[in-house]
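Participant: First the structure, which I've put down as structure tokens, then a few questions once you've had a look.
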Amino acid sequence: MRTFLRIVEAGSLSAAAVQLGTTQPTISRRLRQLERMLGLRLLRRSTHRMALTEDGERCLAHARDLLDGWGAMEAELRGARDAPRGLLRVQAPHAFGQDQLIAPLAEYLRAHPAVAVEWQLHDRMPDFIADGVDCAIRVGRVDDPSVVAVRLADVPRIVVSAPGLWGAGPPPAEAAALPALPWLALNTFYRDEVTLSHAARGEALRFPIRPRLSTDSLHALRAATLAGLGAAIVSAWVVAEDLRQGRLAQLAPAWRAAPLPVFLVYPAGRLQPAKLRHFISLMRARMPGIAGLEPTGRNL
């Protein structure tokens, strides 16, 4: 169709061949293919002149409309690659997605008004195809080889309890006092054993626990700790305000559980539209600076 339009505009097959950078036989073959496909004679040609048939006149008008529309579609699609737009589906952990991630999400939406975000809160790894998810934010290890995992930051984890759970006096300063306490467990990351490390001394302590309560909810773990049911290992950001207000106390402050890595995950081999590329870029820039997080220290 483009060749036909160029023949008419150039005035001859040979002139169209020069403009299209090909040969006259090629131009002639394309014209014959178009005429056979349509079942119409589009041009009358003689040795000295060429003229459109009536069918050719009508075909010319449709060809211009069709090619103009095609050009507009190409420009729009190429623009969609470069300018973020459309619906971005993101899956995030319940607690993390309700609190810490709202600020960078709001910044992303303000920066890209042509994008809408479907913010799904689940603590499981998504099925990217079945769930129609563009990317996911995961806290903890990612072992799926079929995805790309971009490490964004680390979540420091500390030991806390309600004041007085340890008895009289100040909170214990050393981890050796912790095995005797009642414990709560977060099933996602620890169940019946606790491992703590002292960064300055390079020491590690591992001891078994028999949790009075086990849960897969970080918010439920915090509530049970506030109720005085036991000591718990929690993400530092979850209890930052509780510590400031004295509702909870940090136990053995020099000892910590291993930090949890935060990953942004998306399917390997899939073309990244602009909306996803810009989301990844913003999250990489903002996540280490979010309160309660810290820059990633090592690869997992």
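Here, A, B, ... name the chains of the structure tokens in the order displayed, residue numbers run from 1 inside each chain, and ligands are numbered from 1 in the same displayed order.
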At most 8 Å is the cut-off: for each residue in range 104-125 of chain A with any atom that close to an atom of range 271-289 of chain A, write down the nearest atom pair and the distance in Å rounded to one decimal, counting only C-alpha atoms, chain first then increasing number, as a Markdown table.

Facilitator:
```
| residue | atom | partner | partner_atom | distance |
| --- | --- | --- | --- | --- |
| A:Pro104 | CA | A:Arg286 | CA | 6.7 |
| A:Tyr108 | CA | A:Phe279 | CA | 6.8 |
| A:Val115 | CA | A:Lys275 | CA | 7.1 |
```

Participant: Those same residues, written as an mmCIF file, in the first residue's frame with N, CA and C atoms?

Facilitator:
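Output file result-v7.cif follows:
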```
data_model
loop_
_atom_site.group_PDB
_atom_site.id
_atom_site.type_symbol
_atom_site.label_atom_id
_atom_site.label_comp_id
_atom_site.auth_asym_id
_atom_site.auth_seq_id
_atom_site.Cartn_x
_atom_site.Cartn_y
_atom_site.Cartn_z
ATOM 1 N N PRO A 104 6.866 6.495 48.713
ATOM 2 C CA PRO A 104 7.427 6.438 47.358
ATOM 3 C C PRO A 104 6.366 6.163 46.293
ATOM 4 N N TYR A 108 5.706 8.503 43.007
ATOM 5 C CA TYR A 108 5.638 7.956 41.641
ATOM 6 C C TYR A 108 4.368 8.425 40.927
ATOM 7 N N VAL A 115 -0.336 7.441 34.693
ATOM 8 C CA VAL A 115 -0.266 6.070 35.191
ATOM 9 C C VAL A 115 -1.234 5.901 36.362
#
```

Participant: Within range 77-288 of chain A, find each residue whose DSSP state, derived from the backbone, is strand (DSSP E or B), and express the selection as a PyMOL selection string.

Facilitator: chain A and resi 86-92+115-121+135-139+147-161+183-186+193-198+203-208+213-215+231-235+249-251+255-267

Participant: Please measure the separation of CA of Trp183 in chain A and CA of Ile137 in chain A, giving the value in Å to one decimal.

Facilitator: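 The value is 28.6 Å.
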
Participant: What lies within 8 Å of range 58-69 of chain A using only C-alpha atoms, ignoring chain neighbours under 4 positions off, as an mmCIF file with N, CA and C atoms, in the first residue's frame?

Facilitator:
```cif
data_model
loop_
_atom_site.group_PDB
_atom_site.id
_atom_site.type_symbol
_atom_site.label_atom_id
_atom_site.label_comp_id
_atom_site.auth_asym_id
_atom_site.auth_seq_id
_atom_site.Cartn_x
_atom_site.Cartn_y
_atom_site.Cartn_z
ATOM 1 N N MET A 1 0.832 -1.202 0.000
ATOM 2 C CA MET A 1 0.000 0.000 0.000
ATOM 3 C C MET A 1 0.868 1.255 0.000
ATOM 4 N N ARG A 2 1.952 1.236 0.793
ATOM 5 C CA ARG A 2 2.880 2.376 0.769
ATOM 6 C C ARG A 2 3.513 2.537 -0.607
ATOM 7 N N LEU A 5 1.035 4.170 -2.990
ATOM 8 C CA LEU A 5 0.931 5.599 -2.731
ATOM 9 C C LEU A 5 2.155 6.330 -3.258
ATOM 10 N N LEU A 42 -5.644 -1.001 -10.656
ATOM 11 C CA LEU A 42 -5.487 0.296 -10.002
ATOM 12 C C LEU A 42 -4.871 1.347 -10.916
ATOM 13 N N GLU A 54 -10.693 4.237 -11.960
ATOM 14 C CA GLU A 54 -11.666 4.677 -10.952
ATOM 15 C C GLU A 54 -11.455 3.917 -9.644
ATOM 16 N N MET A 73 -0.755 5.285 14.970
ATOM 17 C CA MET A 73 -0.662 4.182 15.901
ATOM 18 C C MET A 73 0.795 3.900 16.271
#
```

Participant: List as a ChimeraX atom specification the protein and nucleic acid residues near Gly97 in chain A, meaning an atom at most 9 Å away when only C-alpha atoms are counted, but skip any in the same chain fewer than 4 places from it.

Facilitator: /A:91-93,101-102,119-122,137

Participant: What's the 12 Å shell around Gln19 in chain A, counting only C-alpha atoms, without same-chain residues fewer than 2 positions away, as an NGL selection string?

Facilitator: :A and (2-3 or 5-7 or 9-17 or 21-24 or 27)

Participant: For the residues in that selection, give me all heavy atoms as a compact mmCIF listing (two decimals), in the first residue's frame.

Facilitator:
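As a result, result_32.txt now contains:
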```
# COMPACT_ATOMS: atom_id res chain seq x y z
N ARG A 2 1.95 1.24 0.79
CA ARG A 2 2.88 2.38 0.77
C ARG A 2 3.51 2.54 -0.61
O ARG A 2 3.72 3.66 -1.10
CB ARG A 2 3.98 2.18 1.82
CG ARG A 2 3.54 2.43 3.26
CD ARG A 2 4.76 2.58 4.17
NE ARG A 2 4.37 2.89 5.53
CZ ARG A 2 4.34 2.01 6.52
NH1 ARG A 2 4.68 0.75 6.29
NH2 ARG A 2 3.98 2.37 7.73
N THR A 3 3.84 1.42 -1.23
CA THR A 3 4.44 1.47 -2.56
C THR A 3 3.47 2.07 -3.57
O THR A 3 3.84 2.91 -4.40
CB THR A 3 4.87 0.06 -3.01
OG1 THR A 3 5.86 -0.42 -2.11
CG2 THR A 3 5.44 0.08 -4.43
N LEU A 5 1.04 4.17 -2.99
CA LEU A 5 0.93 5.60 -2.73
C LEU A 5 2.16 6.33 -3.26
O LEU A 5 2.05 7.42 -3.85
CB LEU A 5 0.78 5.83 -1.22
CG LEU A 5 0.51 7.26 -0.76
CD1 LEU A 5 -0.78 7.80 -1.38
CD2 LEU A 5 0.43 7.32 0.76
N ARG A 6 3.34 5.75 -3.09
CA ARG A 6 4.56 6.40 -3.59
C ARG A 6 4.60 6.46 -5.11
O ARG A 6 5.07 7.44 -5.69
CB ARG A 6 5.79 5.65 -3.05
CG ARG A 6 7.12 6.34 -3.35
CD ARG A 6 7.17 7.75 -2.77
NE ARG A 6 7.01 7.76 -1.34
CZ ARG A 6 8.01 7.67 -0.47
NH1 ARG A 6 9.27 7.58 -0.92
NH2 ARG A 6 7.79 7.71 0.82
N ILE A 7 4.08 5.41 -5.79
CA ILE A 7 4.03 5.42 -7.26
C ILE A 7 3.19 6.60 -7.74
O ILE A 7 3.59 7.35 -8.65
CB ILE A 7 3.43 4.11 -7.80
CG1 ILE A 7 4.39 2.94 -7.55
CG2 ILE A 7 3.11 4.22 -9.29
CD1 ILE A 7 3.77 1.58 -7.82
N GLU A 9 2.39 9.39 -6.11
CA GLU A 9 2.97 10.67 -5.76
C GLU A 9 4.22 10.98 -6.60
O GLU A 9 4.47 12.13 -6.96
CB GLU A 9 3.33 10.69 -4.27
CG GLU A 9 2.10 10.69 -3.36
CD GLU A 9 2.45 10.55 -1.89
OE1 GLU A 9 3.61 10.17 -1.59
OE2 GLU A 9 1.57 10.81 -1.06
N ALA A 10 5.00 9.92 -6.94
CA ALA A 10 6.22 10.13 -7.73
C ALA A 10 5.92 10.29 -9.22
O ALA A 10 6.71 10.89 -9.95
CB ALA A 10 7.19 8.97 -7.51
N GLY A 11 4.81 9.71 -9.69
CA GLY A 11 4.41 9.86 -11.10
C GLY A 11 4.85 8.72 -11.99
O GLY A 11 4.41 8.64 -13.14
N SER A 12 5.70 7.81 -11.48
CA SER A 12 6.12 6.68 -12.29
C SER A 12 6.70 5.61 -11.39
O SER A 12 7.09 5.87 -10.25
CB SER A 12 7.16 7.10 -13.33
OG SER A 12 8.39 7.41 -12.70
N LEU A 13 6.78 4.37 -11.95
CA LEU A 13 7.36 3.27 -11.18
C LEU A 13 8.85 3.50 -10.96
O LEU A 13 9.37 3.19 -9.88
CB LEU A 13 7.12 1.95 -11.90
CG LEU A 13 5.80 1.22 -11.60
CD1 LEU A 13 4.61 2.03 -12.10
CD2 LEU A 13 5.78 -0.17 -12.21
N SER A 14 9.53 4.02 -11.96
CA SER A 14 10.98 4.21 -11.83
C SER A 14 11.30 5.28 -10.79
O SER A 14 12.24 5.12 -10.00
CB SER A 14 11.58 4.60 -13.19
OG SER A 14 10.96 5.77 -13.70
N ALA A 15 10.51 6.35 -10.77
CA ALA A 15 10.76 7.41 -9.77
C ALA A 15 10.45 6.89 -8.36
O ALA A 15 11.16 7.20 -7.40
CB ALA A 15 9.90 8.63 -10.09
N ALA A 16 9.39 6.06 -8.22
CA ALA A 16 9.07 5.48 -6.93
C ALA A 16 10.19 4.56 -6.46
O ALA A 16 10.53 4.52 -5.27
CB ALA A 16 7.75 4.71 -7.02
N ALA A 17 10.80 3.81 -7.41
CA ALA A 17 11.89 2.90 -7.06
C ALA A 17 13.07 3.67 -6.50
O ALA A 17 13.69 3.26 -5.52
CB ALA A 17 12.30 2.08 -8.27
N GLY A 21 14.49 3.42 -2.69
CA GLY A 21 15.78 2.75 -2.61
C GLY A 21 15.73 1.31 -3.08
O GLY A 21 16.45 0.46 -2.53
N THR A 22 14.92 1.02 -4.08
CA THR A 22 14.84 -0.35 -4.59
C THR A 22 14.82 -0.29 -6.12
O THR A 22 15.17 0.73 -6.72
CB THR A 22 13.59 -1.05 -4.02
OG1 THR A 22 13.61 -2.42 -4.41
CG2 THR A 22 12.31 -0.40 -4.48
N THR A 23 14.42 -1.40 -6.76
CA THR A 23 14.46 -1.47 -8.22
C THR A 23 13.06 -1.36 -8.80
O THR A 23 12.07 -1.62 -8.12
CB THR A 23 15.07 -2.81 -8.67
OG1 THR A 23 14.22 -3.88 -8.24
CG2 THR A 23 16.46 -2.99 -8.07
N GLN A 24 13.02 -0.99 -10.08
CA GLN A 24 11.71 -0.88 -10.74
C GLN A 24 10.99 -2.22 -10.81
O GLN A 24 9.77 -2.27 -10.59
CB GLN A 24 11.87 -0.29 -12.14
CG GLN A 24 10.54 -0.09 -12.86
CD GLN A 24 10.68 0.68 -14.16
OE1 GLN A 24 11.60 1.47 -14.32
NE2 GLN A 24 9.76 0.46 -15.09
N ILE A 27 9.20 -2.71 -7.57
CA ILE A 27 8.02 -1.84 -7.47
C ILE A 27 6.88 -2.41 -8.30
O ILE A 27 5.72 -2.46 -7.86
CB ILE A 27 8.37 -0.42 -7.94
CG1 ILE A 27 9.41 0.22 -7.01
CG2 ILE A 27 7.12 0.45 -8.00
CD1 ILE A 27 8.94 0.39 -5.59
```

Participant: Ranking A:Val160, A:Pro126, A:Leu196, A:Ala249 by minimum distance to Val147 in chain A and counting only C-alpha atoms, which one comes first?

Facilitator: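 Ranking A:Val160, A:Pro126, A:Leu196, A:Ala249 by distance to Val147 in chain A, first place goes to A:Pro126.
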
Participant: Determine, using only C-alpha atoms, which residues of range 60-160 of chain A have any atom at most 6 Å from an atom of range 232-244 of chain A, and tabulate each with its shortest atom pair and distance in Å to one decimal place, rows ordered by chain and then rising number, as a Markdown table.

Facilitator:
```
| residue | atom | partner | partner_atom | distance |
| --- | --- | --- | --- | --- |
| A:Pro156 | CA | A:Ala236 | CA | 5.8 |
| A:Arg157 | CA | A:Ser235 | CA | 4.5 |
| A:Ile158 | CA | A:Ile233 | CA | 5.5 |
| A:Val159 | CA | A:Ile233 | CA | 4.6 |
| A:Val160 | CA | A:Ala232 | CA | 5.7 |
```

Participant: Could you work out how far CA of Asp131 in chain A lies from CA of Ala114 in chain A, giving the answer in Å with one decimal?

Facilitator: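 Computed distance, CA of Ala114 in chain A to CA of Asp131 in chain A, equals 22.5 Å.
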
Participant: So that I can check the surroundings of Glu294 in chain A, please list as a PDB file with N, CA and C atoms, in the first residue's frame every protein, DNA and RNA residue that reaches within 10 Å of it, counting only C-alpha atoms and ignoring chain neighbours fewer than 2 positions away.

Facilitator:
```pdb
ATOM      1  N   LEU A 152      16.808  -3.665  46.828  1.00  0.00           N
ATOM      2  CA  LEU A 152      16.569  -2.245  47.042  1.00  0.00           C
ATOM      3  C   LEU A 152      17.148  -1.735  48.353  1.00  0.00           C
ATOM      4  N   ALA A 153      17.002  -2.507  49.425  1.00  0.00           N
ATOM      5  CA  ALA A 153      17.414  -2.059  50.757  1.00  0.00           C
ATOM      6  C   ALA A 153      17.379  -3.263  51.691  1.00  0.00           C
ATOM      7  N   ASP A 154      17.729  -3.023  52.940  1.00  0.00           N
ATOM      8  CA  ASP A 154      17.655  -4.049  53.976  1.00  0.00           C
ATOM      9  C   ASP A 154      16.761  -3.556  55.111  1.00  0.00           C
ATOM     10  N   VAL A 155      16.084  -4.504  55.756  1.00  0.00           N
ATOM     11  CA  VAL A 155      15.256  -4.201  56.919  1.00  0.00           C
ATOM     12  C   VAL A 155      15.982  -4.700  58.166  1.00  0.00           C
ATOM     13  N   PRO A 156      16.478  -3.805  59.025  1.00  0.00           N
ATOM     14  CA  PRO A 156      17.109  -4.272  60.268  1.00  0.00           C
ATOM     15  C   PRO A 156      16.063  -4.871  61.195  1.00  0.00           C
ATOM     16  N   PRO A 259      19.489  -8.933  58.907  1.00  0.00           N
ATOM     17  CA  PRO A 259      18.540  -8.049  58.222  1.00  0.00           C
ATOM     18  C   PRO A 259      17.849  -8.779  57.081  1.00  0.00           C
ATOM     19  N   PRO A 261      16.467  -8.704  53.313  1.00  0.00           N
ATOM     20  CA  PRO A 261      16.603  -7.944  52.079  1.00  0.00           C
ATOM     21  C   PRO A 261      15.238  -7.612  51.480  1.00  0.00           C
ATOM     22  N   MET A 287      14.140   3.741  48.316  1.00  0.00           N
ATOM     23  CA  MET A 287      13.989   2.733  49.375  1.00  0.00           C
ATOM     24  C   MET A 287      15.065   2.804  50.460  1.00  0.00           C
ATOM     25  N   PRO A 288      16.360   2.971  50.126  1.00  0.00           N
ATOM     26  CA  PRO A 288      17.350   2.994  51.215  1.00  0.00           C
ATOM     27  C   PRO A 288      17.150   4.150  52.188  1.00  0.00           C
ATOM     28  N   GLY A 289      16.455   5.218  51.765  1.00  0.00           N
ATOM     29  CA  GLY A 289      16.261   6.370  52.629  1.00  0.00           C
ATOM     30  C   GLY A 289      14.977   6.347  53.426  1.00  0.00           C
ATOM     31  N   ILE A 290      14.146   5.318  53.253  1.00  0.00           N
ATOM     32  CA  ILE A 290      12.891   5.234  54.000  1.00  0.00           C
ATOM     33  C   ILE A 290      13.190   4.937  55.458  1.00  0.00           C
ATOM     34  N   ALA A 291      12.459   5.596  56.352  1.00  0.00           N
ATOM     35  CA  ALA A 291      12.669   5.404  57.784  1.00  0.00           C
ATOM     36  C   ALA A 291      12.543   3.926  58.143  1.00  0.00           C
ATOM     37  N   GLY A 292      13.503   3.429  58.895  1.00  0.00           N
ATOM     38  CA  GLY A 292      13.477   2.034  59.325  1.00  0.00           C
ATOM     39  C   GLY A 292      14.155   1.084  58.372  1.00  0.00           C
ATOM     40  N   THR A 296      21.468  -1.581  51.335  1.00  0.00           N
ATOM     41  CA  THR A 296      21.792  -3.005  51.319  1.00  0.00           C
ATOM     42  C   THR A 296      23.268  -3.212  51.570  1.00  0.00           C
ATOM     43  N   GLY A 297      23.574  -4.241  52.383  1.00  0.00           N
ATOM     44  CA  GLY A 297      24.964  -4.451  52.770  1.00  0.00           C
ATOM     45  C   GLY A 297      25.634  -5.586  52.048  1.00  0.00           C
TER      46      GLY A 297
END
```
